[in-house]
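File shown here: run22.cif, holding mmCIF, C-alpha atoms.
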```
data_target
loop_
_atom_site.label_atom_id
_atom_site.label_comp_id
_atom_site.auth_asym_id
_atom_site.auth_seq_id
_atom_site.Cartn_x
_atom_site.Cartn_y
_atom_site.Cartn_z
CA MET V 269 84.56 11.19 -113.30
CA ALA V 270 86.54 14.32 -112.39
CA SER V 271 88.46 14.43 -109.13
CA SER V 272 88.11 17.34 -106.71
CA GLN V 273 91.57 18.53 -107.69
CA GLU V 274 90.60 18.58 -111.37
CA LEU V 275 87.46 20.53 -110.54
CA SER V 276 89.47 23.00 -108.48
CA ASP V 277 91.99 23.49 -111.32
CA PHE V 278 89.21 23.95 -113.84
CA LEU V 279 87.41 26.53 -111.71
CA ARG V 280 90.64 28.39 -111.01
CA ASP V 281 91.19 28.59 -114.75
CA VAL V 282 87.75 29.93 -115.65
CA GLU V 283 86.54 31.88 -112.63
CA ARG V 284 88.04 35.28 -113.53
CA ARG V 285 86.82 35.15 -117.10
CA ALA V 286 83.42 33.98 -115.94
CA PHE V 287 83.24 36.82 -113.45
CA LYS V 288 84.12 39.49 -116.01
CA GLN V 289 81.72 38.06 -118.59
CA THR V 290 78.95 38.12 -115.99
CA VAL V 291 79.79 41.69 -115.00
CA TYR V 292 79.45 42.77 -118.64
CA ALA V 293 76.08 41.06 -118.80
CA VAL V 294 74.50 42.10 -115.49
CA ARG V 295 76.51 45.31 -114.89
CA ASP V 296 76.80 44.71 -111.14
CA GLU V 297 79.89 43.18 -109.53
CA HIS V 298 78.11 41.89 -106.43
CA VAL V 299 75.42 40.19 -108.46
CA ALA V 300 78.06 38.83 -110.84
CA LEU V 301 79.95 37.29 -107.92
CA ASP V 302 76.77 35.64 -106.64
CA ILE V 303 76.01 34.26 -110.09
CA VAL V 304 79.51 32.84 -110.62
CA GLN V 305 79.59 31.29 -107.14
CA ASP V 306 76.14 29.80 -107.74
CA ALA V 307 77.25 28.38 -111.10
CA MET V 308 80.36 26.84 -109.52
CA LEU V 309 78.29 25.15 -106.83
CA LYS V 310 75.73 23.85 -109.34
CA LEU V 311 78.49 22.37 -111.48
CA ALA V 312 80.04 20.65 -108.46
CA GLU V 313 76.79 19.30 -107.08
CA LYS V 314 74.91 18.30 -110.20
CA TYR V 315 77.69 17.18 -112.52
CA ALA V 316 80.14 15.58 -110.11
CA ASP V 317 79.99 12.36 -112.13
CA LYS V 318 80.96 14.00 -115.44
CA PRO V 319 84.50 13.91 -116.83
CA VAL V 320 86.51 17.10 -116.62
CA THR V 321 86.54 17.41 -120.44
CA GLU V 322 82.81 18.17 -120.35
CA TYR V 323 83.17 20.89 -117.74
CA PRO V 324 83.81 23.90 -120.06
CA MET V 325 80.55 23.43 -121.95
CA LEU V 326 78.57 22.51 -118.84
CA PHE V 327 79.91 25.44 -116.84
CA GLN V 328 79.15 27.92 -119.62
CA ARG V 329 75.62 26.56 -119.93
CA ILE V 330 75.04 26.77 -116.18
CA LEU V 331 76.47 30.30 -116.12
CA GLN V 332 74.23 31.46 -118.97
CA ASN V 333 71.17 29.85 -117.37
CA THR V 334 71.95 31.40 -113.98
CA MET V 335 72.22 34.80 -115.68
CA LYS V 336 68.86 34.22 -117.38
CA ASP V 337 67.33 33.30 -114.01
CA PHE V 338 68.71 36.54 -112.59
CA TRP V 339 67.15 38.57 -115.43
CA ARG V 340 63.82 36.86 -114.93
CA ARG V 341 63.85 37.65 -111.22
CA GLN V 342 65.03 41.17 -111.96
CA LYS V 343 62.14 41.67 -114.38
CA VAL V 344 59.59 40.65 -111.75
CA ARG V 345 61.31 42.77 -109.08
CA ASN V 346 61.42 45.79 -111.39
CA LEU V 347 57.74 45.40 -112.10
CA TRP V 348 56.91 45.44 -108.41
CA THR V 349 59.32 48.30 -107.74
CA THR V 350 57.75 50.35 -110.52
CA LEU V 351 54.29 49.58 -109.22
CA LEU V 352 55.07 50.31 -105.58
CA SER V 353 57.36 53.29 -105.87
CA SER V 354 57.96 56.06 -108.32
CA PHE V 355 61.17 57.18 -106.66
CA GLY V 356 64.47 56.33 -108.34
CA ALA V 357 67.42 54.61 -106.71
CA GLY V 358 69.51 57.81 -106.72
CA GLN V 359 73.28 57.72 -106.72
CA ASP V 360 73.81 55.18 -103.93
CA GLY V 361 76.12 53.10 -106.09
CA GLU V 362 78.71 55.85 -106.17
CA GLU V 363 78.67 56.20 -102.38
CA ASP V 364 79.15 52.47 -101.87
CA ARG V 365 82.22 52.34 -104.08
CA ASP V 366 85.20 50.88 -102.27
CA PRO V 367 88.68 52.17 -103.18
CA LEU V 368 89.98 48.61 -102.73
CA ASP V 369 87.90 47.52 -105.71
CA SER V 370 89.74 49.81 -108.11
CA ILE V 371 93.19 48.44 -107.26
CA ASP V 372 94.36 46.10 -109.96
CA VAL V 373 96.23 42.98 -109.00
CA GLY V 374 98.90 41.58 -111.26
CA ASP V 375 99.74 44.69 -113.30
CA GLU V 376 103.50 44.66 -113.31
CA SER V 377 103.82 47.91 -115.18
CA ALA V 378 105.51 50.39 -112.85
CA ASN V 379 104.65 53.45 -114.90
CA PRO V 380 101.42 54.97 -113.56
CA MET V 381 100.77 56.75 -116.86
CA VAL V 382 100.92 53.48 -118.79
CA GLN V 383 98.66 51.87 -116.21
CA LEU V 384 96.18 54.71 -116.44
CA GLU V 385 96.17 54.71 -120.24
CA ARG V 386 95.70 50.94 -120.36
CA SER V 387 92.97 51.09 -117.76
CA GLN V 388 91.11 53.78 -119.72
CA THR V 389 91.42 51.80 -122.95
CA MET V 390 90.03 48.72 -121.27
CA LYS V 391 87.13 50.72 -119.89
CA ILE V 392 86.27 51.83 -123.43
CA ILE V 393 86.40 48.23 -124.68
CA GLU V 394 84.33 47.03 -121.73
CA LYS V 395 81.74 49.75 -122.30
CA ALA V 396 81.53 48.79 -125.97
CA LEU V 397 80.99 45.16 -125.00
CA GLU V 398 78.34 46.14 -122.46
CA LYS V 399 76.49 48.16 -125.09
CA LEU V 400 76.03 45.14 -127.35
CA PRO V 401 72.61 43.45 -127.35
CA ALA V 402 72.59 40.41 -125.04
CA ARG V 403 72.59 37.78 -127.80
CA GLN V 404 75.38 39.47 -129.74
CA ARG V 405 77.48 39.78 -126.59
CA GLU V 406 76.84 36.13 -125.73
CA ALA V 407 77.90 35.06 -129.22
CA PHE V 408 81.03 37.22 -129.13
CA VAL V 409 82.06 35.99 -125.69
CA LEU V 410 81.52 32.32 -126.44
CA ARG V 411 82.99 32.38 -129.93
CA TYR V 412 86.07 34.55 -129.41
CA TRP V 413 86.73 34.73 -125.68
CA GLU V 414 85.84 31.17 -124.78
CA ASP V 415 87.27 30.10 -128.15
CA MET V 416 84.36 27.81 -129.02
CA ASP V 417 83.72 26.90 -132.65
CA VAL V 418 80.51 27.92 -134.42
CA ALA V 419 78.79 24.58 -133.78
CA GLU V 420 79.56 24.64 -130.04
CA THR V 421 78.43 28.26 -129.76
CA ALA V 422 75.20 27.42 -131.59
CA GLU V 423 74.54 24.50 -129.26
CA MET V 424 75.24 26.65 -126.23
CA MET V 425 72.98 29.47 -127.40
CA GLY V 426 70.25 27.13 -128.61
CA CYS V 427 70.17 28.55 -132.14
CA SER V 428 71.41 27.69 -135.64
CA GLN V 429 75.02 28.09 -136.79
CA GLY V 430 73.85 30.73 -139.26
CA SER V 431 72.39 32.77 -136.40
CA VAL V 432 75.68 32.54 -134.52
CA LYS V 433 77.56 33.87 -137.56
CA THR V 434 75.06 36.71 -137.90
CA HIS V 435 75.26 37.60 -134.19
CA CYS V 436 79.07 37.52 -134.30
CA SER V 437 79.26 39.60 -137.46
CA ARG V 438 76.89 42.24 -136.07
CA ALA V 439 78.72 42.26 -132.74
CA LEU V 440 82.06 42.81 -134.48
CA HIS V 441 80.73 45.63 -136.64
CA THR V 442 79.12 47.38 -133.67
CA MET V 443 82.23 46.95 -131.51
CA ALA V 444 84.51 48.22 -134.28
CA ALA V 445 82.29 51.26 -134.84
CA LEU V 446 82.08 52.06 -131.12
CA LEU V 447 85.83 51.69 -130.63
CA GLU V 448 86.63 53.71 -133.74
CA LYS V 449 84.42 56.49 -132.39
CA GLN V 450 86.57 56.55 -129.24
CA GLY V 451 89.79 56.66 -131.23
CA LEU V 452 90.55 52.97 -130.86
CA GLY V 453 90.97 51.81 -134.43
CA SER V 454 92.09 48.37 -135.49
CA LYS V 455 95.77 49.44 -135.43
CA VAL V 456 95.56 50.68 -131.84
CA ILE V 457 93.88 47.44 -130.78
CA ALA V 458 96.54 45.42 -132.59
CA ASN V 459 99.33 47.41 -130.89
CA LEU V 460 97.72 46.94 -127.48
CA ALA V 461 97.33 43.22 -128.08
CA VAL V 462 101.01 42.96 -128.98
CA GLU V 463 102.02 44.88 -125.84
CA LEU V 464 100.12 42.46 -123.64
CA MET X 26 85.84 36.31 -157.77
CA SER X 27 87.71 39.37 -156.49
CA ILE X 28 84.61 40.49 -154.54
CA ASP X 29 84.54 37.09 -152.84
CA ASN X 30 88.20 37.43 -151.97
CA THR X 31 87.67 40.92 -150.55
CA ASN X 32 84.75 39.70 -148.45
CA GLN X 33 86.82 36.80 -147.21
CA GLN X 34 89.66 39.14 -146.31
CA ASN X 35 87.28 41.46 -144.45
CA ILE X 36 85.86 38.54 -142.49
CA GLU X 37 89.35 37.34 -141.61
CA GLN X 38 90.40 40.83 -140.52
CA SER X 39 87.30 41.14 -138.34
CA GLU X 40 88.01 37.75 -136.78
CA VAL X 41 91.60 38.79 -136.06
CA GLN X 42 90.42 41.98 -134.41
CA ALA X 43 87.82 40.06 -132.41
CA ARG X 44 90.51 37.73 -131.10
CA GLN X 45 92.72 40.70 -130.24
CA ILE X 46 89.87 42.28 -128.27
CA ALA X 47 89.20 38.95 -126.57
CA GLY X 48 92.91 38.73 -125.71
CA LEU X 49 92.81 42.18 -124.14
CA LEU X 50 89.69 41.32 -122.17
CA ASP X 51 91.33 38.10 -121.02
CA ALA X 52 94.43 39.94 -119.85
CA HIS X 53 92.27 42.48 -118.07
CA ALA X 54 90.22 39.73 -116.40
CA ASN X 55 93.38 38.62 -114.62
CA ARG X 56 93.61 41.99 -112.90
CA LEU X 57 90.81 41.85 -110.40
CA SER X 58 90.71 43.45 -106.97
CA MET X 59 91.96 41.46 -103.99
CA ARG X 60 88.45 41.38 -102.57
CA THR X 61 86.95 39.90 -105.74
CA LEU X 62 89.72 37.31 -105.99
CA LYS X 63 89.15 36.32 -102.37
CA GLN X 64 85.42 35.91 -102.94
CA LEU X 65 85.99 33.85 -106.07
CA GLU X 66 88.41 31.68 -104.11
CA ASN X 67 85.80 31.19 -101.38
CA GLY X 68 83.21 30.21 -103.98
CA ARG X 69 85.62 27.75 -105.55
CA ALA X 70 86.46 26.24 -102.16
CA ARG X 71 82.76 25.75 -101.41
CA ALA X 72 82.20 24.09 -104.78
CA VAL X 73 85.18 21.76 -104.32
CA LYS X 74 83.96 20.84 -100.83
CA ALA X 75 80.48 20.07 -102.17
CA HIS X 76 82.04 17.99 -104.94
CA ALA X 77 84.16 16.01 -102.46
CA GLN X 78 81.13 15.41 -100.22
CA HIS X 79 79.12 14.29 -103.21
CA LEU X 80 81.80 11.80 -104.27
CA ALA X 81 82.25 10.49 -100.73
CA GLY X 82 78.53 10.18 -100.01
CA VAL X 83 77.37 8.70 -103.27
CA ASN X 84 79.78 5.90 -104.10
CA VAL X 85 78.67 3.68 -101.22
CA ASN X 86 78.99 0.42 -103.08
CA GLY X 87 82.38 1.14 -104.60
CA ASP X 88 81.57 0.64 -108.28
CA GLY X 89 79.51 3.82 -108.52
CA THR X 90 76.20 2.13 -109.41
CA LEU X 91 74.39 3.92 -106.62
CA GLY X 92 76.14 7.09 -107.64
CA HIS X 93 74.70 6.83 -111.13
CA MET X 94 71.25 6.14 -109.72
CA VAL X 95 71.38 9.18 -107.44
CA SER X 96 72.73 11.28 -110.28
CA TRP X 97 69.97 10.07 -112.60
CA ALA X 98 67.37 10.81 -109.93
CA SER X 99 68.72 14.30 -109.35
CA HIS X 100 68.58 15.04 -113.09
CA HIS X 101 65.06 13.65 -113.52
CA ARG X 102 63.32 15.11 -110.50
CA LEU X 103 59.97 15.42 -112.27
CA VAL X 104 59.97 11.75 -113.29
CA VAL X 105 61.00 10.67 -109.78
CA THR X 106 58.27 12.82 -108.20
CA GLY X 107 55.71 11.33 -110.60
CA LEU X 108 56.83 7.80 -109.79
CA VAL X 109 56.62 8.43 -106.04
CA LEU X 110 53.13 9.93 -106.38
CA ALA X 111 51.96 7.07 -108.60
CA THR X 112 53.29 4.55 -106.04
CA ILE X 113 51.49 6.31 -103.18
CA ILE X 114 48.18 6.52 -105.07
CA SER X 115 48.29 2.90 -106.28
CA SER X 116 49.17 1.69 -102.75
CA PHE X 117 46.20 3.63 -101.40
CA VAL X 118 43.87 2.14 -104.01
CA VAL X 119 45.14 -1.42 -103.36
CA LEU X 120 44.77 -0.98 -99.59
CA GLN X 121 41.23 0.33 -100.03
CA SER X 122 40.25 -2.62 -102.22
CA PHE X 123 41.50 -5.09 -99.57
CA ASN X 124 39.80 -3.25 -96.77
CA SER X 125 36.37 -4.97 -96.60
CA GLU X 126 35.36 -3.44 -93.28
CA PRO X 127 32.31 -1.18 -93.71
CA SER X 128 33.17 2.48 -93.32
CA ASP X 129 31.60 4.87 -90.79
CA ALA X 130 29.64 6.61 -93.53
CA PHE X 131 28.21 3.26 -94.65
CA LEU X 132 27.23 2.30 -91.09
CA LEU X 133 25.53 5.62 -90.41
CA SER X 134 23.64 5.75 -93.70
CA ALA X 135 22.50 2.10 -93.65
CA ASP X 136 18.85 1.19 -92.89
CA LEU X 137 19.92 -1.28 -90.22
CA PRO X 138 20.90 -0.10 -86.73
CA PRO X 139 24.71 0.00 -86.06
CA GLU X 140 24.30 -2.77 -83.42
CA ALA X 141 23.36 -5.19 -86.23
CA PHE X 142 26.86 -4.85 -87.71
CA VAL X 143 28.52 -5.52 -84.33
CA ASP X 144 26.67 -8.84 -83.99
CA LYS X 145 28.96 -11.48 -85.51
CA GLY X 146 26.14 -13.90 -86.28
CA PHE X 147 24.04 -11.31 -88.07
CA GLU X 148 25.84 -11.28 -91.40
CA PRO X 149 25.90 -15.11 -91.89
CA SER X 150 22.23 -15.33 -91.03
CA LEU X 151 21.54 -12.49 -93.47
CA ASN X 152 23.42 -14.39 -96.18
CA VAL X 153 21.48 -17.59 -95.44
CA GLN X 154 18.19 -15.69 -95.72
CA ASP X 155 19.39 -14.13 -98.94
CA ASN X 156 20.21 -17.59 -100.39
CA HIS X 157 16.72 -18.87 -99.46
CA MET X 158 15.14 -15.92 -101.20
CA HIS X 159 17.13 -16.64 -104.36
CA LYS X 160 16.16 -20.32 -104.31
CA LYS X 161 12.47 -19.47 -103.96
CA THR X 162 12.55 -17.13 -106.90
#
```

Target format structure tokens, applied to this file:
Amino acid sequence: MASSQELSDFLRDVERRAFKQTVYAVRDEHVALDIVQDAMLKLAEKYADKPVTEYPMLFQRILQNTMKDFWRRQKVRNLWTTLLSSFGAGQDGEEDRDPLDSIDVGDESANPMVQLERSQTMKIIEKALEKLPARQREAFVLRYWEDMDVAETAEMMGCSQGSVKTHCSRALHTMAALLEKQGLGSKVIANLAVEL
Amino acid sequence: MSIDNTNQQNIEQSEVQARQIAGLLDAHANRLSMRTLKQLENGRARAVKAHAQHLAGVNVNGDGTLGHMVSWASHHRLVVTGLVLATIISSFVVLQSFNSEPSDAFLLSADLPPEAFVDKGFEPSLNVQDNHMHKKT
């Protein structure tokens, strides 16, 4: 059974990644925060008796399920919204933007140009990831970002190992094509990875 | 053979690039706004508090047996709900079978007047008459 300290360390380790992954999936930072916080609480309440070694898989599963719940609710809400109103949401999102949210924490680079360039590159990569179909993105994130093997990814996604390989392969091809289109070839990516 | 090797090399190159992209995303994930970090910290604190409360409240008997039972129950809510419902229904049925008092509906729909059921000597005398009738036949 994991201690509270172990749980805290585990969550500290995964929370930022989990947040970013959720943002790429739901494309809304506020919703992503709610989902991650919800997943943390579910892990703590429902799996308190599990050893800490099982937490990575459990947390990922809870996170994916919470995202799916969100999409289900969103689908129903959209249906009602479409039925009840034909007016669009407008550009409210831009007005609500807080300058505090765009300040990066932890970027030691003093050169604003380098920061700007890096930030723009990351935006391109993030956009490419967001453009992937949900299953391909899920496979990419679990396999390469969460560093799970094919069997673990298949178990997490509830599909065969062959499907995982197919999803990953398609995701990689699409990402590579999208990045190449924006001038981010494999060499540029490799250089950036070395810099970081 | 050479085609296989080329394919293998392509796959390996793609995997390397995927890991580089994942590395970049990981590095970028560590650069969140102060507000987001604060909210994540709050969420983590709430989760840890809930975890501590769960551990403190569940292990009443020390060896965690009750803890496992509560955990099992929380993971099998449907089964637990079914068991509770089955217990309630079976208790109701058992109680009904032991309850030999005639119900209001029976009293009101019977041919005899309700006063006949209040009279304590009425039922034994009715039984005696019934026995005589059986003997005669």

Practice task
Enumerate, as JSON, numbers by chain, the protein, DNA and RNA residues whose atoms approach (70.6, 31.1, -130.0) to within 12 Å, taking into account all atoms listed in the file and the coordinate frame of the file.
Solution key: {"V": [332, 402, 403, 404, 405, 406, 407, 410, 418, 419, 420, 421, 422, 423, 424, 425, 426, 427, 428, 429, 430, 431, 432, 433, 434, 435, 436]}

Store the residues picked out above, limited to C-alpha atoms, as a CSV table (one decimal), keeping the file's coordinate frame.
```
chain,number,residue,atom,x,y,z
V,332,GLN,CA,74.2,31.5,-119.0
V,402,ALA,CA,72.6,40.4,-125.0
V,403,ARG,CA,72.6,37.8,-127.8
V,404,GLN,CA,75.4,39.5,-129.7
V,405,ARG,CA,77.5,39.8,-126.6
V,406,GLU,CA,76.8,36.1,-125.7
V,407,ALA,CA,77.9,35.1,-129.2
V,410,LEU,CA,81.5,32.3,-126.4
V,418,VAL,CA,80.5,27.9,-134.4
V,419,ALA,CA,78.8,24.6,-133.8
V,420,GLU,CA,79.6,24.6,-130.0
V,421,THR,CA,78.4,28.3,-129.8
V,422,ALA,CA,75.2,27.4,-131.6
V,423,GLU,CA,74.5,24.5,-129.3
V,424,MET,CA,75.2,26.6,-126.2
V,425,MET,CA,73.0,29.5,-127.4
V,426,GLY,CA,70.2,27.1,-128.6
V,427,CYS,CA,70.2,28.6,-132.1
V,428,SER,CA,71.4,27.7,-135.6
V,429,GLN,CA,75.0,28.1,-136.8
V,430,GLY,CA,73.8,30.7,-139.3
V,431,SER,CA,72.4,32.8,-136.4
V,432,VAL,CA,75.7,32.5,-134.5
V,433,LYS,CA,77.6,33.9,-137.6
V,434,THR,CA,75.1,36.7,-137.9
V,435,HIS,CA,75.3,37.6,-134.2
V,436,CYS,CA,79.1,37.5,-134.3
```

Exercise for the section: Please evaluate the PyMOL selection byres ((chain V) within 9 of (chain X)) against the structure above and give the resulting residues as a ChimeraX atom specification. Expected result: /V:271-273,275-276,279-280,283-289,297,301-302,304-306,308-317,368-375,387,390,393-394,408-409,412-415,437,440-441,443-444,454,457-458,460-462,464

Completion exercise
Students should find that atom CA of Leu103 of chain X and atom CA of Arg345 of chain V are spaced 27.6 Å

Practice task
Select, from V:Glu385, V:Glu274, V:Glu322, V:Glu398, the residue with the minimum atom-to-atom distance to Val294 of chain V, counting all atoms listed in the file.
Solution key: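 Residue with the minimum atom-to-atom distance to Val294 of chain V: V:Glu398.
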
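Rounded to one decimal, atom CA of Phe117 of chain X and atom CA of Val104 of chain X lie 19.9 Å from each other.
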
Exercise for the section: In Å, rounded to a single decimal, give me how far atom CA of Trp339 of chain V is from atom CA of Phe278 of chain V. Expected result: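 Spanning atom CA of Phe278 of chain V to atom CA of Trp339 of chain V is a straight-line distance of 26.5 Å.
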